[in-house]
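Chemist: Below you will find the structure I want to go over with you.
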Amino acid sequence: MTREPNEQVEAIRKDLRYLQLLSNSFPTSAEASTEIINLEAILNLPKGTEHFLADVHGEYEAFNHVLKNASGSILRKVRELFGHQLQEREMAELATLIYYPAEKLELSKKELPNLDEWYRLTLIRLVKVCRKMGEKYTRSKVRKSLPQKYSYIIQELLHEDGINPNKSAYIASIFDTIIATNCADDFIIAISTTIKRLAIDRLHLVGDIFDRGPGAQHIMDTVMHYHNVDVQWGNHDMLWMGAAAGNLACMANVIRIALRYANLDTIEDGYNINLLPLARFAMDTYADDPCDCFKPKMGDSDASYDEKSVYLISQMHKAIAVIQFKLEHALIAAHPEYKMADRDLFDKINWEEGTLDLTHTAPNGGYGHHPMLDMNFPTVNHDNPFELTPEEAYVVEQLRLSFAHSIKLHEHIRTLYKIGSMYLVCNGNLLYHASMPLDKEGMLKEVHVGSGTYKGKALLEKIDTVVRDAYQAPESSDRKQKSVDYMWYLWCGPDSPLFDKSAMTTFERYFIKDKDTH
């Protein structure tokens, strides 16, 4: 195939512009050749270790431990190096020192009679582990991973094994001086940190950092300062991103889930969200209500909550759940294209009989009529069940202001936008959270988003744009509000690739005993 003269000229111009840009970094042919040699050589190195985690759900302690031990890869390296020299207990202790150096050092100093000898032996072993971890990387990359204050010393130790008789005294002197100057503890912590950094070249968090566990804010602090990380958004992440963008239904869901799991640390301590207006409203409105359907799911870490605290959480839980159902109705009514009218259930209650009509939520009316487990709804007007009372509206506004002004929350949400996306292709792996919508024939389904329909890759890319508009588009723009609304659909909509279910049956789970409806 031959090109027309004009096409050839344009191609030459593009090549020249490209070469001009390259010349800024590599002004001579020698420098360009050196870089080509370097890059070709790097392509023949083993790939750095990629670490995949998903559905962390606020469990910071578990998340932190997995990062520290690199899912067991550090202990495997220790065994490779010392399997024929050390007992299993000694190897486990060395690995634990790498995971938690400060804590392990405190214990060791209390138990060991000859600390200097232990320091010397431990330093030698840690250098060997660090050298092993750095085998798959260039010297330049290893050097950039080193703590600045010990970079030169660690480089010397990594590149000299002490076997050379001309260098053995030199290496021994380095270890002796580290110990003599009382730097051993600090040095051990520094080289352990380097080992952990080299153990994971890149961290992939494939969705759902938030909700349930008490430490999502600590996970996000770690993510913000991690050396190489990306995030593929999950629907629980989308819920928090929507709340930060101003979606009131997302905000109510965030608070409800926190109360459901008695997890107020992230809300109150982590992000300084003021729940006092909700607490006051709940105590007044549900003062004589046992709120049995809203008792929180308690874990071992929740033993500090006394009976009165648990009851208050139950009251707040019911109050925000009722508010949530009303706020969700507003979105369902405003967006018939969501096709989620079956999620409006307050108007399906028979107030005289105390039953809920679910015939519209299943094929052939399979779910029928069910007795309600709770019929105390003092804020629900039977003639207009989805209208917020003035008191509820006040609570919603106070919570909205609190979310809008949380500096820490928005710092973390901006990080999710910066390093996050709907999907990522990395080293031949396609990473995304949950599922891809399919039709009845198992083919990629056309999904309505905005004014168009999309499927597959195009669907994820369109949603990515909408999610960014929700947070970053000008406040006065029409696409801003539509995008903010859509964040809630991504949390629980039947065709949301982040949700993976036909319906979010929150209402049924609270008020209907029959689990088939759940």
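To be explicit about the labels: the chains of the structure tokens are called A, B, and onward in the order shown, and within each one the residues are counted from 1, while ligands get numbers from 1 in the order they are shown.
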Using only C-alpha atoms, which protein or nucleic acid residues come within 8 Å of His236 of chain A? Drop anything in the same chain fewer than 4 positions from it, and give the result as a ChimeraX atom specification.

Modeler: /A:207-211,240,491

Chemist: Write the residues of the preceding selection, restricted to N, CA and C atoms, as a short mmCIF file (atom, residue, chain, number, x, y, z; two decimals), in the first residue's frame.

Modeler:
```cif
data_model
loop_
_atom_site.label_atom_id
_atom_site.label_comp_id
_atom_site.auth_asym_id
_atom_site.auth_seq_id
_atom_site.Cartn_x
_atom_site.Cartn_y
_atom_site.Cartn_z
N GLY A 207 -10.84 -3.18 44.10
CA GLY A 207 -12.17 -2.81 44.55
C GLY A 207 -12.51 -3.07 46.00
N ASP A 208 -13.41 -2.22 46.51
CA ASP A 208 -14.03 -2.31 47.83
C ASP A 208 -13.01 -2.18 48.97
N ILE A 209 -12.46 -1.00 49.07
CA ILE A 209 -11.61 -0.64 50.20
C ILE A 209 -12.47 -0.33 51.42
N PHE A 210 -13.66 0.23 51.19
CA PHE A 210 -14.47 0.80 52.27
C PHE A 210 -15.53 -0.17 52.80
N ASP A 211 -16.07 0.24 53.97
CA ASP A 211 -17.25 -0.36 54.64
C ASP A 211 -16.94 -1.64 55.42
N TRP A 240 -18.83 5.74 48.76
CA TRP A 240 -18.12 6.84 49.46
C TRP A 240 -17.78 7.97 48.50
N TRP A 491 -23.75 1.88 42.70
CA TRP A 491 -23.74 1.16 43.96
C TRP A 491 -24.69 -0.04 43.92
#
```

Chemist: I'd like a table as a tab-separated table: residues in segment 240-336 of chain A with an atom no more than 9 Å from segment 212-215 of chain A, each row giving the shortest atom pair and its distance in Å to one decimal, only C-alpha atoms counted, sorted by chain and rising residue number.

Modeler:
```
residue	atom	partner	partner_atom	distance
A:Ile257	CA	A:Arg212	CA	6.9
A:Ala258	CA	A:Arg212	CA	6.5
A:Arg260	CA	A:Arg212	CA	8.2
A:Tyr261	CA	A:Arg212	CA	5.8
A:Ala262	CA	A:Arg212	CA	8.5
A:Asn263	CA	A:Pro214	CA	5.5
A:Leu264	CA	A:Pro214	CA	7.4
A:Asp265	CA	A:Pro214	CA	5.8
A:Thr266	CA	A:Pro214	CA	5.8
A:Gly270	CA	A:Gly215	CA	8.2
```

Chemist: Leaving out Lys515 of chain A and any residue of its chain fewer than 2 positions from it, which residues lie within 12 Å of it when counting only C-alpha atoms, given as a ChimeraX atom specification?

Modeler: /A:367,370,505-506,508-513,517-518

Chemist: Keeping only C-alpha atoms, take the residues you just selected and write them out as an mmCIF file, in the first residue's frame.

Modeler:
```cif
data_model
loop_
_atom_site.group_PDB
_atom_site.id
_atom_site.type_symbol
_atom_site.label_atom_id
_atom_site.label_comp_id
_atom_site.auth_asym_id
_atom_site.auth_seq_id
_atom_site.Cartn_x
_atom_site.Cartn_y
_atom_site.Cartn_z
ATOM 1 C CA TYR A 367 -42.749 -13.374 46.351
ATOM 2 C CA HIS A 370 -45.288 -11.021 53.677
ATOM 3 C CA THR A 505 -32.783 -5.964 48.820
ATOM 4 C CA THR A 506 -31.965 -3.851 51.870
ATOM 5 C CA GLU A 508 -36.522 -6.925 52.664
ATOM 6 C CA ARG A 509 -33.503 -7.888 54.767
ATOM 7 C CA TYR A 510 -34.633 -5.558 57.547
ATOM 8 C CA PHE A 511 -38.360 -6.136 57.528
ATOM 9 C CA ILE A 512 -39.156 -9.558 56.011
ATOM 10 C CA LYS A 513 -38.324 -12.858 57.701
ATOM 11 C CA THR A 517 -36.927 -12.444 49.442
ATOM 12 C CA HIS A 518 -33.442 -11.389 50.457
#
```

Chemist: For the atom pair atom CA of Arg202 of chain A and atom CA of Cys426 of chain A, what is the interatomic distance in Å to one decimal place?

Modeler: 10.3 Å

Chemist: Looking at A:Arg400, A:Lys128, A:His57, A:His225, which one is nearest to Ile195 of chain A, with distances taken over only C-alpha atoms?

Modeler: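 For Ile195 of chain A, the nearest of the given residues is A:Lys128.
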
Chemist: As a ChimeraX atom specification, list the residues of segment 6-128 of chain A assigned to alpha helix (DSSP H) by DSSP on the backbone atoms of this structure.

Modeler: /A:6-25,29-43,60-69,73-82,88-99,101-111,115-128

Chemist: List as a ChimeraX atom specification the protein and nucleic acid residues near Asp347 of chain A, meaning an atom at most 10 Å away when only C-alpha atoms are counted, but skip any in the same chain fewer than 5 places from it.

Modeler: /A:356-357,380-386

Chemist: Taking 6 positions as the minimum chain separation for residues in the same chain, which residues sit within 12 Å of Met133 of chain A when counting only C-alpha atoms? Answer as a PyMOL selection string.

Modeler: chain A and resi 46+48-49+70+73-78+80-81+126-127+139+141-142+145+158+191-201

Chemist: Using only C-alpha atoms, which residue out of A:Ser151, A:Thr122, A:Ser304, A:Ser496 lies closest to Ala434 of chain A?

Modeler: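 Nearest to Ala434 of chain A: A:Ser496.
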
Chemist: Using only C-alpha atoms, pick whichever of A:Tyr486, A:Phe82, A:Tyr100, A:Phe377 has the shortest atom-to-atom distance to Ala334 of chain A.

Modeler: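 Under the stated criterion, the closest residue is A:Tyr486.
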
Chemist: Could you name the residues that touch Phe52 of chain A at 7 Å or less, counting only C-alpha atoms, but leaving out those on the same chain fewer than 6 positions away, as a PyMOL selection string?

Modeler: chain A and resi 203-205
